[in-house]
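S.K.: The following file, final-v1.cif, comprises mmCIF, C-alpha atoms:
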```
data_input
loop_
_atom_site.label_atom_id
_atom_site.label_comp_id
_atom_site.auth_asym_id
_atom_site.auth_seq_id
_atom_site.Cartn_x
_atom_site.Cartn_y
_atom_site.Cartn_z
CA MET A 1 99.88 89.83 128.31
CA ASN A 2 100.98 86.47 129.51
CA SER A 3 104.29 87.07 131.16
CA GLN A 4 106.28 87.76 134.26
CA ALA A 5 108.19 91.03 134.18
CA LYS A 6 111.81 90.54 133.08
CA SER A 7 114.29 93.24 132.20
CA SER A 8 116.42 90.60 130.45
CA ALA A 9 113.69 90.30 127.80
CA LEU A 10 114.93 93.66 126.44
CA LEU A 11 118.40 92.20 125.75
CA PRO A 12 117.56 91.21 122.12
CA LEU A 13 116.64 94.81 121.28
CA VAL A 14 119.89 96.05 122.83
CA VAL A 15 121.86 93.48 120.79
CA PHE A 16 120.15 94.61 117.57
CA LEU A 17 120.81 98.30 118.22
CA VAL A 18 124.44 97.71 119.21
CA LEU A 19 125.07 95.63 116.09
CA PHE A 20 123.26 97.94 113.65
CA ILE A 21 123.97 101.42 115.00
CA GLY A 22 127.31 100.45 116.58
CA THR A 23 128.67 99.00 113.34
CA GLY A 24 127.47 101.97 111.30
CA THR A 25 128.97 104.45 113.77
CA LEU A 26 132.32 102.61 113.83
CA LEU A 27 132.51 102.48 110.03
CA THR A 28 131.55 106.16 109.82
CA TYR A 29 134.46 106.93 112.15
CA GLN A 30 136.69 104.92 109.79
CA ASN A 31 135.44 107.03 106.83
CA VAL A 32 133.79 104.09 105.09
CA ASP A 33 131.33 105.16 102.38
CA MET A 34 127.65 104.41 103.12
CA ALA A 35 128.68 103.14 106.56
CA PHE A 36 125.19 102.28 107.76
CA TYR A 37 124.57 100.15 104.67
CA GLN A 38 127.58 97.88 105.15
CA LEU A 39 125.67 95.76 107.68
CA SER A 40 122.03 95.35 106.69
CA ALA A 41 119.58 95.91 109.53
CA ALA A 42 117.71 92.81 108.30
CA VAL A 43 120.84 90.77 109.05
CA ALA A 44 121.73 92.59 112.29
CA ILE A 45 118.34 91.70 113.73
CA VAL A 46 118.77 87.93 113.22
CA PRO A 47 120.96 87.36 116.34
CA ALA A 48 118.43 89.38 118.36
CA ILE A 49 115.59 87.13 117.17
CA VAL A 50 117.60 84.00 118.04
CA ILE A 51 118.22 85.34 121.57
CA ALA A 52 114.53 86.22 122.01
CA ILE A 53 113.48 82.73 120.91
CA MET A 54 116.01 81.16 123.32
CA GLN A 55 114.66 83.33 126.16
CA HIS A 56 111.09 82.12 125.66
CA LYS A 57 110.07 79.48 128.18
CA GLY A 58 108.33 77.05 125.91
CA LYS A 59 108.85 74.57 123.12
CA LEU A 60 110.75 75.74 120.07
CA ASN A 61 107.66 75.41 117.89
CA GLN A 62 105.68 77.62 120.28
CA SER A 63 108.43 80.27 120.23
CA ILE A 64 108.53 80.29 116.46
CA ALA A 65 104.72 80.44 116.33
CA LEU A 66 104.80 83.56 118.54
CA PHE A 67 107.40 85.12 116.25
CA ILE A 68 105.23 84.39 113.20
CA GLN A 69 102.21 85.84 115.02
CA GLY A 70 104.12 89.10 115.47
CA VAL A 71 105.20 89.05 111.82
CA GLY A 72 101.57 88.72 110.73
CA GLU A 73 100.22 91.48 113.01
CA SER A 74 97.76 93.65 111.06
CA ASN A 75 99.78 96.87 111.42
CA ILE A 76 102.89 95.12 110.09
CA ILE A 77 101.02 93.75 107.06
CA THR A 78 99.43 97.15 106.43
CA MET A 79 102.83 98.85 106.48
CA SER A 80 104.27 96.21 104.17
CA PHE A 81 101.61 96.88 101.54
CA ILE A 82 102.20 100.61 101.84
CA TYR A 83 105.90 99.96 101.30
CA ILE A 84 105.45 98.02 98.06
CA MET A 85 102.83 100.39 96.66
CA ALA A 86 105.01 103.39 97.51
CA GLY A 87 107.93 101.67 95.80
CA ALA A 88 105.84 100.96 92.70
CA PHE A 89 104.54 104.53 92.50
CA ALA A 90 108.01 106.03 92.91
CA THR A 91 109.51 103.73 90.27
CA VAL A 92 106.76 104.20 87.66
CA ALA A 93 106.63 107.97 88.20
CA LYS A 94 110.39 108.25 87.73
CA SER A 95 110.33 105.98 84.66
CA ILE A 96 107.79 108.14 82.78
CA GLY A 97 109.50 111.41 83.77
CA GLY A 98 106.86 112.34 86.34
CA VAL A 99 109.30 113.04 89.16
CA GLU A 100 111.46 115.32 87.01
CA ALA A 101 108.40 117.17 85.71
CA THR A 102 106.96 117.63 89.21
CA VAL A 103 110.31 118.81 90.58
CA ASN A 104 110.66 121.48 87.90
CA PHE A 105 107.01 122.48 88.27
CA GLY A 106 107.53 122.86 92.03
CA LEU A 107 110.74 124.86 91.57
CA SER A 108 108.86 127.25 89.29
CA LEU A 109 106.31 127.96 92.04
CA ILE A 110 108.22 127.86 95.35
CA PRO A 111 110.57 130.77 96.18
CA ILE A 112 114.16 129.51 96.28
CA ASP A 113 114.77 130.61 99.87
CA PHE A 114 111.59 128.89 101.08
CA ILE A 115 112.03 125.46 99.49
CA VAL A 116 113.00 123.56 102.66
CA PRO A 117 110.41 125.16 105.03
CA GLY A 118 107.87 124.82 102.22
CA PHE A 119 108.27 121.06 102.15
CA PHE A 120 107.71 120.88 105.91
CA ILE A 121 104.42 122.75 105.48
CA ILE A 122 103.34 120.58 102.54
CA ALA A 123 104.11 117.35 104.40
CA ALA A 124 102.39 118.61 107.57
CA PHE A 125 99.27 119.64 105.64
CA ILE A 126 99.02 116.38 103.69
CA ALA A 127 99.60 114.20 106.77
CA THR A 128 96.99 116.10 108.79
CA ALA A 129 94.44 115.67 106.01
CA MET A 130 95.44 112.10 105.19
CA GLY A 131 95.87 110.83 108.75
CA THR A 132 98.97 108.81 107.90
CA SER A 133 102.64 109.72 107.99
CA MET A 134 103.51 106.69 105.86
CA GLY A 135 101.26 107.72 102.97
CA THR A 136 102.58 111.27 103.17
CA ILE A 137 106.21 110.19 103.00
CA ALA A 138 105.43 107.85 100.10
CA ALA A 139 103.83 110.72 98.16
CA ILE A 140 106.18 113.60 98.98
CA ALA A 141 109.64 112.02 99.39
CA PRO A 142 110.32 111.39 95.67
CA ILE A 143 109.59 115.07 94.86
CA GLY A 144 111.81 116.27 97.71
CA LEU A 145 114.60 113.96 96.57
CA GLY A 146 114.34 115.25 93.02
CA ILE A 147 114.62 118.84 94.20
CA SER A 148 117.59 118.07 96.45
CA GLU A 149 119.38 116.42 93.51
CA GLN A 150 118.77 119.51 91.38
CA THR A 151 119.90 121.96 94.07
CA GLU A 152 122.56 122.21 96.77
CA ILE A 153 120.15 120.97 99.47
CA SER A 154 121.20 117.79 101.29
CA SER A 155 118.92 114.83 100.53
CA ALA A 156 119.12 113.69 104.16
CA LEU A 157 118.01 117.15 105.32
CA MET A 158 115.14 117.27 102.84
CA LEU A 159 113.89 113.84 103.92
CA GLY A 160 114.31 114.72 107.61
CA VAL A 161 112.12 117.80 107.03
CA ILE A 162 109.49 115.71 105.20
CA VAL A 163 109.42 113.03 107.93
CA GLY A 164 109.12 115.78 110.56
CA GLY A 165 106.17 117.35 108.75
CA ALA A 166 104.57 113.93 108.35
CA MET A 167 104.89 113.24 112.08
CA PHE A 168 103.33 116.64 112.85
CA GLY A 169 100.26 115.63 110.86
CA ASP A 170 100.21 112.10 112.26
CA ASN A 171 100.16 113.57 115.76
CA LEU A 172 97.38 116.11 115.15
CA SER A 173 95.12 114.56 112.51
CA MET A 174 91.69 113.58 113.80
CA ILE A 175 91.62 110.56 111.49
CA SER A 176 95.07 109.32 112.47
CA ASP A 177 95.15 105.93 114.20
CA THR A 178 97.42 107.36 116.91
CA THR A 179 94.90 110.11 117.72
CA ILE A 180 92.05 107.59 117.79
CA ALA A 181 94.01 105.25 120.07
CA ALA A 182 95.11 108.05 122.42
CA THR A 183 91.66 109.61 122.81
CA ARG A 184 89.82 106.31 123.20
CA THR A 185 92.18 104.92 125.84
CA GLN A 186 92.05 108.18 127.85
CA ASN A 187 88.30 108.70 127.40
CA CYS A 188 88.82 112.06 125.73
CA GLU A 189 87.04 113.77 122.84
CA MET A 190 89.11 114.09 119.64
CA ARG A 191 88.27 117.77 119.28
CA ASP A 192 89.39 118.51 122.85
CA LYS A 193 92.64 116.62 122.37
CA PHE A 194 93.31 118.43 119.08
CA ILE A 195 92.87 121.86 120.67
CA PHE A 196 95.04 120.96 123.66
CA ASN A 197 97.68 119.16 121.58
CA SER A 198 97.88 122.00 119.04
CA LYS A 199 98.96 124.43 121.79
CA ILE A 200 102.23 122.48 121.95
CA ALA A 201 102.58 121.16 118.39
CA PHE A 202 101.90 124.42 116.51
CA PRO A 203 104.47 126.55 118.39
CA THR A 204 106.99 123.72 117.89
CA ALA A 205 106.24 123.68 114.15
CA ILE A 206 106.63 127.48 113.93
CA ILE A 207 110.01 127.29 115.70
CA THR A 208 111.03 124.51 113.29
CA LEU A 209 110.09 126.66 110.30
CA PHE A 210 111.95 129.63 111.76
CA ILE A 211 115.12 127.54 112.22
CA LEU A 212 114.85 125.99 108.76
CA TYR A 213 114.37 129.37 107.11
CA PHE A 214 117.17 131.23 108.91
CA THR A 215 119.80 128.50 109.31
CA ILE A 216 119.61 126.58 106.02
CA SER A 217 121.38 128.34 103.17
CA ALA A 218 119.15 128.75 100.14
CA PRO A 219 120.53 127.33 96.88
CA SER A 220 122.59 129.93 95.05
CA THR A 221 121.13 128.88 91.71
CA VAL A 222 118.38 126.54 90.64
CA ALA A 223 118.21 125.32 87.07
CA ILE A 224 114.57 124.90 86.09
CA LYS A 225 114.35 122.58 83.12
CA ASP A 226 111.52 122.29 80.62
CA TYR A 227 108.76 119.95 81.73
CA GLU A 228 105.50 118.46 80.51
CA LEU A 229 102.72 119.60 82.82
CA ILE A 230 100.65 116.49 82.01
CA LYS A 231 103.22 114.36 83.87
CA VAL A 232 102.62 116.34 87.06
CA ILE A 233 98.99 115.14 87.15
CA PRO A 234 99.65 111.88 89.07
CA TYR A 235 101.17 113.88 91.95
CA ILE A 236 98.39 116.44 91.91
CA ALA A 237 95.88 113.57 91.88
CA ILE A 238 97.33 111.81 94.92
CA LEU A 239 97.57 115.08 96.85
CA VAL A 240 93.93 115.92 96.09
CA LEU A 241 92.82 112.39 97.01
CA ALA A 242 94.90 112.50 100.19
CA VAL A 243 93.41 115.82 101.28
CA SER A 244 89.96 114.38 100.56
CA GLY A 245 90.60 111.71 103.18
CA ILE A 246 90.67 108.78 100.74
CA ASN A 247 92.25 105.53 101.97
CA VAL A 248 96.03 105.50 101.44
CA PHE A 249 95.87 102.30 99.36
CA VAL A 250 93.38 103.87 96.96
CA VAL A 251 95.52 107.01 96.78
CA LEU A 252 98.70 105.13 95.87
CA LEU A 253 96.90 102.80 93.44
CA ALA A 254 95.40 105.81 91.67
CA GLY A 255 98.88 107.32 91.44
CA ILE A 256 100.36 104.14 89.95
CA LEU A 257 97.59 103.71 87.38
CA SER A 258 97.59 107.37 86.34
CA CYS A 259 101.39 107.23 85.85
CA GLY A 260 101.02 104.13 83.68
CA LEU A 261 98.25 105.69 81.60
CA ILE A 262 100.12 108.96 81.01
CA GLY A 263 103.33 107.08 80.25
CA GLY A 264 101.51 104.93 77.70
CA ILE A 265 100.04 107.95 75.93
CA TYR A 266 102.93 110.43 76.04
CA ASN A 267 106.09 108.27 76.21
CA GLU A 268 106.97 106.52 72.99
CA GLY A 269 107.61 102.82 73.59
CA TYR A 270 106.16 102.81 77.10
CA THR A 271 104.07 99.66 76.80
CA ALA A 272 101.88 97.78 79.25
CA LEU A 273 104.72 95.28 79.60
CA LYS A 274 107.20 98.03 80.52
CA PHE A 275 104.66 99.40 83.01
CA SER A 276 104.30 95.98 84.63
CA GLN A 277 108.10 95.66 84.84
CA ASP A 278 108.38 99.04 86.54
CA VAL A 279 105.67 98.11 89.04
CA TYR A 280 107.50 94.87 89.86
CA ASN A 281 110.86 96.67 90.17
CA GLY A 282 109.17 99.07 92.58
CA PHE A 283 107.89 96.14 94.62
CA ALA A 284 111.36 94.55 94.62
CA SER A 285 113.04 97.78 95.76
CA MET A 286 111.14 97.45 99.04
CA ASN A 287 112.13 93.85 99.81
CA GLU A 288 114.66 94.71 102.51
CA ILE A 289 112.40 97.12 104.36
CA MET A 290 109.51 94.63 104.25
CA ILE A 291 111.67 91.82 105.62
CA LEU A 292 113.05 94.05 108.37
CA SER A 293 109.59 95.31 109.36
CA MET A 294 108.25 91.76 109.60
CA MET A 295 111.25 90.66 111.65
CA LEU A 296 110.78 93.67 113.95
CA GLY A 297 107.12 92.73 114.38
CA GLY A 298 108.10 89.18 115.36
CA LEU A 299 110.86 90.40 117.69
CA GLY A 300 108.46 92.87 119.34
CA GLU A 301 105.95 90.08 119.99
CA LEU A 302 108.63 87.90 121.62
CA ILE A 303 109.90 90.78 123.76
CA LYS A 304 106.31 91.42 124.88
CA VAL A 305 105.56 87.77 125.69
CA ASN A 306 108.94 87.29 127.38
CA GLY A 307 108.09 90.06 129.84
CA GLY A 308 110.05 93.03 128.52
CA ILE A 309 107.06 95.33 128.09
CA THR A 310 105.56 94.16 131.39
CA TRP A 311 108.83 95.09 133.10
CA ILE A 312 108.71 98.57 131.59
CA LEU A 313 105.06 99.04 132.60
CA GLN A 314 105.67 97.88 136.17
CA SER A 315 108.84 99.96 136.56
CA ILE A 316 107.09 103.13 135.43
CA ASP A 317 104.06 102.31 137.60
CA LYS A 318 106.33 101.96 140.66
CA PHE A 319 107.91 105.31 139.86
CA ALA A 320 104.48 106.94 139.65
CA LYS A 321 103.39 105.47 142.99
CA LYS A 322 106.60 106.51 144.76
CA ARG A 323 106.25 110.06 143.50
CA SER A 324 102.59 110.40 144.51
CA GLY A 325 102.10 113.39 146.75
CA GLU A 326 101.31 117.06 146.54
CA ASN A 327 102.98 117.38 143.13
CA ASN A 328 101.72 114.03 141.84
CA LYS A 329 100.38 115.42 138.56
CA LYS A 330 103.86 116.10 137.25
CA ALA A 331 105.12 112.65 138.31
CA GLY A 332 102.12 111.07 136.63
CA GLU A 333 102.75 112.95 133.40
CA TRP A 334 106.42 111.92 133.39
CA SER A 335 105.29 108.34 133.91
CA ILE A 336 102.87 108.44 130.98
CA ALA A 337 105.52 109.94 128.69
CA ALA A 338 108.13 107.39 129.75
CA LEU A 339 105.68 104.49 129.41
CA VAL A 340 104.73 105.14 125.81
CA SER A 341 108.27 106.20 124.83
CA PHE A 342 109.87 102.96 126.02
CA ALA A 343 107.06 100.92 124.47
CA ASP A 344 107.57 102.63 121.11
CA ILE A 345 111.35 102.12 121.26
CA CYS A 346 110.75 98.39 121.82
CA LEU A 347 107.91 97.91 119.32
CA ALA A 348 108.75 100.54 116.65
CA ASN A 349 105.03 101.20 116.21
CA ASN A 350 103.50 104.26 117.87
CA THR A 351 99.90 103.12 117.50
CA VAL A 352 100.57 99.75 119.13
CA ALA A 353 102.62 101.49 121.84
CA ILE A 354 99.68 103.77 122.68
CA ILE A 355 97.18 100.90 122.72
CA LEU A 356 99.49 98.79 124.89
CA THR A 357 100.16 101.51 127.48
CA GLY A 358 96.82 103.29 127.27
CA GLY A 359 95.14 101.35 130.08
CA LEU A 360 97.89 101.94 132.64
CA SER A 361 98.22 105.56 131.48
CA LYS A 362 94.51 106.06 132.18
CA GLU A 363 94.96 104.65 135.69
CA ILE A 364 97.88 107.02 136.30
CA MET A 365 95.82 109.89 134.89
CA GLU A 366 92.85 109.19 137.18
CA LYS A 367 94.97 108.58 140.31
CA ASN A 368 96.90 111.81 139.87
CA GLY A 369 94.07 114.08 138.72
CA ILE A 370 95.54 114.71 135.27
CA ASP A 371 93.34 116.27 132.59
CA PRO A 372 92.40 113.52 130.06
CA ARG A 373 93.18 115.95 127.21
CA ARG A 374 96.69 116.34 128.59
CA SER A 375 97.16 112.61 129.10
CA ALA A 376 96.02 111.82 125.54
CA SER A 377 98.24 114.55 124.11
CA ILE A 378 101.33 113.35 125.99
CA LEU A 379 100.70 109.78 124.84
CA ASP A 380 100.44 110.83 121.21
CA MET A 381 103.28 113.35 121.21
CA ALA A 382 105.82 111.22 123.07
CA SER A 383 105.18 108.23 120.82
CA CYS A 384 105.45 110.39 117.68
CA VAL A 385 108.76 111.84 118.88
CA PHE A 386 110.42 108.45 119.07
CA GLN A 387 108.65 107.02 116.03
CA GLY A 388 110.18 109.83 114.00
CA LEU A 389 113.67 109.32 115.45
CA ILE A 390 114.30 105.58 115.85
CA PRO A 391 116.12 104.45 112.68
CA TYR A 392 114.23 101.16 112.60
CA GLY A 393 110.80 102.82 112.68
CA ALA A 394 108.56 102.43 109.63
CA GLN A 395 108.67 106.12 108.63
CA LEU A 396 112.46 106.39 108.53
CA LEU A 397 112.81 102.97 106.91
CA LEU A 398 110.44 104.02 104.13
CA ALA A 399 112.25 107.32 103.57
CA GLY A 400 115.60 105.52 103.60
CA SER A 401 114.45 102.88 101.13
CA LEU A 402 113.07 105.45 98.70
CA SER A 403 116.30 107.44 98.80
CA LYS A 404 119.00 104.83 99.52
CA ILE A 405 120.10 107.04 102.42
CA SER A 406 120.74 105.67 105.91
CA PRO A 407 117.69 106.12 108.21
CA VAL A 408 120.16 107.31 110.86
CA GLU A 409 121.21 110.27 108.67
CA ILE A 410 117.56 111.16 108.06
CA ALA A 411 116.74 110.91 111.79
CA ILE A 412 119.57 113.34 112.62
CA ASN A 413 117.92 115.88 110.30
CA ASN A 414 114.41 115.43 111.70
CA TRP A 415 114.51 118.64 113.70
CA TYR A 416 110.77 118.82 114.34
CA CYS A 417 110.67 115.58 116.34
CA VAL A 418 113.70 116.65 118.38
CA LEU A 419 112.04 120.00 119.13
CA LEU A 420 108.72 118.30 119.91
CA GLY A 421 110.54 116.08 122.42
CA LEU A 422 111.97 119.20 124.07
CA ALA A 423 108.51 120.80 123.99
CA VAL A 424 107.02 117.80 125.82
CA ILE A 425 109.75 118.07 128.47
CA VAL A 426 109.07 121.81 128.92
CA SER A 427 105.31 121.22 128.95
CA ILE A 428 105.51 118.65 131.75
CA SER A 429 108.20 120.51 133.73
CA PHE A 430 106.32 123.83 133.78
CA GLY A 431 102.73 122.66 133.36
CA ILE A 432 102.28 124.38 130.00
CA PRO A 433 99.45 124.65 128.97
CA LYS A 434 97.99 124.75 132.48
CA ASN A 435 96.10 121.75 133.77
CA HIS A 436 92.36 122.18 134.21
CA THR A 437 90.83 119.06 135.68
CA LYS A 438 87.31 118.52 134.47
#
```
Once you've parsed the file, please lay out its structure as structure tokens.
M.R.:
Amino acid sequence: MNSQAKSSALLPLVVFLVLFIGTGTLLTYQNVDMAFYQLSAAVAIVPAIVIAIMQHKGKLNQSIALFIQGVGESNIITMSFIYIMAGAFATVAKSIGGVEATVNFGLSLIPIDFIVPGFFIIAAFIATAMGTSMGTIAAIAPIGLGISEQTEISSALMLGVIVGGAMFGDNLSMISDTTIAATRTQNCEMRDKFIFNSKIAFPTAIITLFILYFTISAPSTVAIKDYELIKVIPYIAILVLAVSGINVFVVLLAGILSCGLIGGIYNEGYTALKFSQDVYNGFASMNEIMILSMMLGGLGELIKVNGGITWILQSIDKFAKKRSGENNKKAGEWSIAALVSFADICLANNTVAIILTGGLSKEIMEKNGIDPRRSASILDMASCVFQGLIPYGAQLLLAGSLSKISPVEIAINNWYCVLLGLAVIVSISFGIPKNHTK
């Protein structure tokens, strides 16, 4: 990282958040409909990018080249392709009647009073097997939306539950990139991290389910319409493929093609041309989220090069050194949690945040005698907490784009990530589970 530490490098992010969230909050207070959609996040981020470019000490062409480098970062491009494929799958499935069929099929199987907790369990299971929260949200969100439209359940609540379940799986899955990054940087075995991490994540999930079951009113009535079981097959196929550990791109492509094939056979007039139009419309529906994600990637790169991330790393490192003493383990754990949390808030990418802070976290872990399993777990959990709550994170942006609901509203209903954040605080404060240095 080529930069001198500068707190001022974080100013662009502050400007973006004030413009986007501040405007939405003000308009909400003024009772404006769809308040958080009045100012597009993709527009609100432009002044922040201009400020970041102006802050960079170099020629204008160099600054723009750095921005483009961030835009083209592999994680950003990967997310962008997931966005467009998720959009295509959702659009084609809805066009052939697949979403409606799957919703009614699901309503015929799930007890009415367990619909909301049930979706948390489904999302958690799929994400753990699939290793990706993005793929899980892309697969499950359209079904959850369909059920919320057919019942009295809030769409924002349903999506918040699905995102929470997806983040549970992202955090625990042994094939998740966040787990791989956390264990490798802390020199910890995946199995050991899973066992240690699960002692915090599973109780949090159980509490989430308990709250969802006893505080959310079950729909008084649910009208189950007639459906064609054949149109449920694309969803069953992607769930089976996901659980089998197949790559998310293959899973979504299989879903798109199976929808097109079934639509062509069972829907009169559903031609190859109509299928291609639906696929394109699905791509187009994700334009805003793709643009915003790319801009965030470029802004994150500029903030990093301008010294914002270095400032965060150095500030947390100073805190850890000042607190070294008899109770240095706790100070070290707070430092690790704060490091990765701030990095994720700035970069909106939990995997990159873990990779970026992993080296310093390992130093803090070794200096303070922290169990590597605990260090890796804190890194993964803290980053997942904020990734599931920041409204400009990929998971909430995807859910918001699929539903046309503000990511802020969905974040407010993501109870699991809020509870996981509290669980991390309790874990560090009271040393639960107990540290056992190897």
S.K.: List as a count of residues only the residues having at least one atom at most 12 Å from position (111.5, 106.9, 125.6) as given in the file, counting only C-alpha atoms.
M.R.: 32
S.K.: Could you give me, as a ChimeraX atom specification, the residues within 8 Å of stretch 163-169 of chain A, counting all atoms listed in the file and dropping anything in the same chain fewer than 5 positions from it?
M.R.: /A:119-129,131-134,136-137,201,205,384-385,388,395-396,399,414-417
S.K.: Restricting the calculation to only C-alpha atoms: of A:Phe105, A:Phe16, A:Phe67, A:Tyr29, which residue gets closest to A:Pro47?
M.R.: A:Phe16
S.K.: Using the file's own x, y and z axes, so that the box edges lie along x, y and z, what centre and edge lengths in Å (one decimal) does a box around every listed atom of stretch 147-155 of chain A get when 3 Å is added on each side? Give it as JSON.
M.R.:
```
{"center_x": 118.6, "center_y": 118.5, "center_z": 96.3, "size_x": 13.9, "size_y": 13.4, "size_z": 15.9}
```
S.K.: In terms of the shortest atom-to-atom distance over only C-alpha atoms, which of A:Ile289, A:Asp33, A:Glu228, A:Thr351 is closest to A:Ala86?
M.R.: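 Among the listed residues, the smallest separation from A:Ala86 belongs to A:Ile289.
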S.K.: In Å, how far is it from atom CA of A:Ile195 to atom CA of A:Ser173?
M.R.: 11.2 Å
S.K.: So, with all atoms listed in the file as the atoms that count, which of A:Gln38, A:Thr28, A:Thr91, A:Gln150 lies closest to A:Ile256?
M.R.: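 The shortest atom-to-atom distance to A:Ile256 comes from A:Thr91.
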S.K.: What is the atom CA of A:Leu159 to atom CA of A:Glu73 distance in Å?
M.R.: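 Spanning atom CA of A:Leu159 to atom CA of A:Glu73 is a straight-line distance of 27.7 Å.
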S.K.: Nearest to A:Ala376 among A:Thr23, A:Ser176, A:Gln186, A:Asn31, with distances taken over all atoms listed in the file: which residue is it?
M.R.: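 With all atoms listed in the file as the atom set, the closest residue is A:Gln186.
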S.K.: Set the distance at 10 Å and use only C-alpha atoms: which residues neighbour A:Ile153 once local chain neighbours fewer than 5 positions away are removed? I'd like the list as a ChimeraX atom specification.
M.R.: /A:115-116,144-145,147-148,158,216-219
S.K.: What's around A:Arg374 at 9 Å? Count only C-alpha atoms, leave out sequence neighbours fewer than 4 positions away in its own chain, and write the answer as a list in words.
M.R.: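 Residues near the query, excluding close chain neighbours: Lys193, Phe196, Asn197, Glu333, Ile370, Ile378, Leu379, Pro433 and Asn435 of chain A.
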S.K.: List the neighbours of A:Ile175 out to 12 Å using all atoms listed in the file; skip same-chain residues closer than 2 positions along the sequence, and give me the result as an mmCIF file with C-alpha atoms, in the coordinates of the input.
M.R.:
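Output below, filename out_6.cif:
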```
data_model
loop_
_atom_site.group_PDB
_atom_site.id
_atom_site.type_symbol
_atom_site.label_atom_id
_atom_site.label_comp_id
_atom_site.auth_asym_id
_atom_site.auth_seq_id
_atom_site.Cartn_x
_atom_site.Cartn_y
_atom_site.Cartn_z
ATOM 1 C CA ALA A 127 99.600 114.200 106.770
ATOM 2 C CA THR A 128 96.990 116.100 108.790
ATOM 3 C CA ALA A 129 94.440 115.670 106.010
ATOM 4 C CA MET A 130 95.440 112.100 105.190
ATOM 5 C CA GLY A 131 95.870 110.830 108.750
ATOM 6 C CA THR A 132 98.970 108.810 107.900
ATOM 7 C CA SER A 133 102.640 109.720 107.990
ATOM 8 C CA GLY A 169 100.260 115.630 110.860
ATOM 9 C CA ASP A 170 100.210 112.100 112.260
ATOM 10 C CA ASN A 171 100.160 113.570 115.760
ATOM 11 C CA LEU A 172 97.380 116.110 115.150
ATOM 12 C CA SER A 173 95.120 114.560 112.510
ATOM 13 C CA ASP A 177 95.150 105.930 114.200
ATOM 14 C CA THR A 178 97.420 107.360 116.910
ATOM 15 C CA THR A 179 94.900 110.110 117.720
ATOM 16 C CA ILE A 180 92.050 107.590 117.790
ATOM 17 C CA ALA A 181 94.010 105.250 120.070
ATOM 18 C CA ALA A 182 95.110 108.050 122.420
ATOM 19 C CA THR A 183 91.660 109.610 122.810
ATOM 20 C CA MET A 190 89.110 114.090 119.640
ATOM 21 C CA ARG A 191 88.270 117.770 119.280
ATOM 22 C CA PHE A 194 93.310 118.430 119.080
ATOM 23 C CA ALA A 242 94.900 112.500 100.190
ATOM 24 C CA VAL A 243 93.410 115.820 101.280
ATOM 25 C CA SER A 244 89.960 114.380 100.560
ATOM 26 C CA GLY A 245 90.600 111.710 103.180
ATOM 27 C CA ILE A 246 90.670 108.780 100.740
ATOM 28 C CA ASN A 247 92.250 105.530 101.970
#
```
S.K.: Just the number, please: distance in Å from atom CA of A:Ile110 to atom CA of A:Pro203, one decimal.
M.R.: 23.4 Å
S.K.: What's around A:Ala42 at 8 Å? Count only C-alpha atoms, leave out sequence neighbours fewer than 4 positions away in its own chain, and write the answer as a ChimeraX atom specification.
M.R.: /A:46,288-289,291-292,295
S.K.: Please write the residues from the selection above to a file, keeping C-alpha atoms, as a JSON list (two decimals), in the coordinates of the input.
M.R.:
```
[["chain", "number", "residue", "atom", "x", "y", "z"],
["A", 46, "VAL", "CA", 118.77, 87.93, 113.22],
["A", 288, "GLU", "CA", 114.66, 94.71, 102.51],
["A", 289, "ILE", "CA", 112.40, 97.12, 104.36],
["A", 291, "ILE", "CA", 111.67, 91.82, 105.62],
["A", 292, "LEU", "CA", 113.05, 94.05, 108.37],
["A", 295, "MET", "CA", 111.25, 90.66, 111.65]]
```
S.K.: When the PyMOL selection byres ((chain A and resi 65) around 12) is applied to the file above, which residues end up in the set, as a ChimeraX atom specification?
M.R.: /A:53,56,58-64,66-72,298-299,301-302,305
S.K.: Deliver the residues from the most recent selection as a file, using C-alpha atoms, as a PDB file, in the frame of the given file.
M.R.:
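The resulting file, result-v2.pdb, is reproduced below:
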```pdb
ATOM      1  CA  ILE A  53     113.480  82.730 120.910  1.00  0.00           C
ATOM      2  CA  HIS A  56     111.090  82.120 125.660  1.00  0.00           C
ATOM      3  CA  GLY A  58     108.330  77.050 125.910  1.00  0.00           C
ATOM      4  CA  LYS A  59     108.850  74.570 123.120  1.00  0.00           C
ATOM      5  CA  LEU A  60     110.750  75.740 120.070  1.00  0.00           C
ATOM      6  CA  ASN A  61     107.660  75.410 117.890  1.00  0.00           C
ATOM      7  CA  GLN A  62     105.680  77.620 120.280  1.00  0.00           C
ATOM      8  CA  SER A  63     108.430  80.270 120.230  1.00  0.00           C
ATOM      9  CA  ILE A  64     108.530  80.290 116.460  1.00  0.00           C
ATOM     10  CA  LEU A  66     104.800  83.560 118.540  1.00  0.00           C
ATOM     11  CA  PHE A  67     107.400  85.120 116.250  1.00  0.00           C
ATOM     12  CA  ILE A  68     105.230  84.390 113.200  1.00  0.00           C
ATOM     13  CA  GLN A  69     102.210  85.840 115.020  1.00  0.00           C
ATOM     14  CA  GLY A  70     104.120  89.100 115.470  1.00  0.00           C
ATOM     15  CA  VAL A  71     105.200  89.050 111.820  1.00  0.00           C
ATOM     16  CA  GLY A  72     101.570  88.720 110.730  1.00  0.00           C
ATOM     17  CA  GLY A 298     108.100  89.180 115.360  1.00  0.00           C
ATOM     18  CA  LEU A 299     110.860  90.400 117.690  1.00  0.00           C
ATOM     19  CA  GLU A 301     105.950  90.080 119.990  1.00  0.00           C
ATOM     20  CA  LEU A 302     108.630  87.900 121.620  1.00  0.00           C
ATOM     21  CA  VAL A 305     105.560  87.770 125.690  1.00  0.00           C
TER      22      VAL A 305
END
```
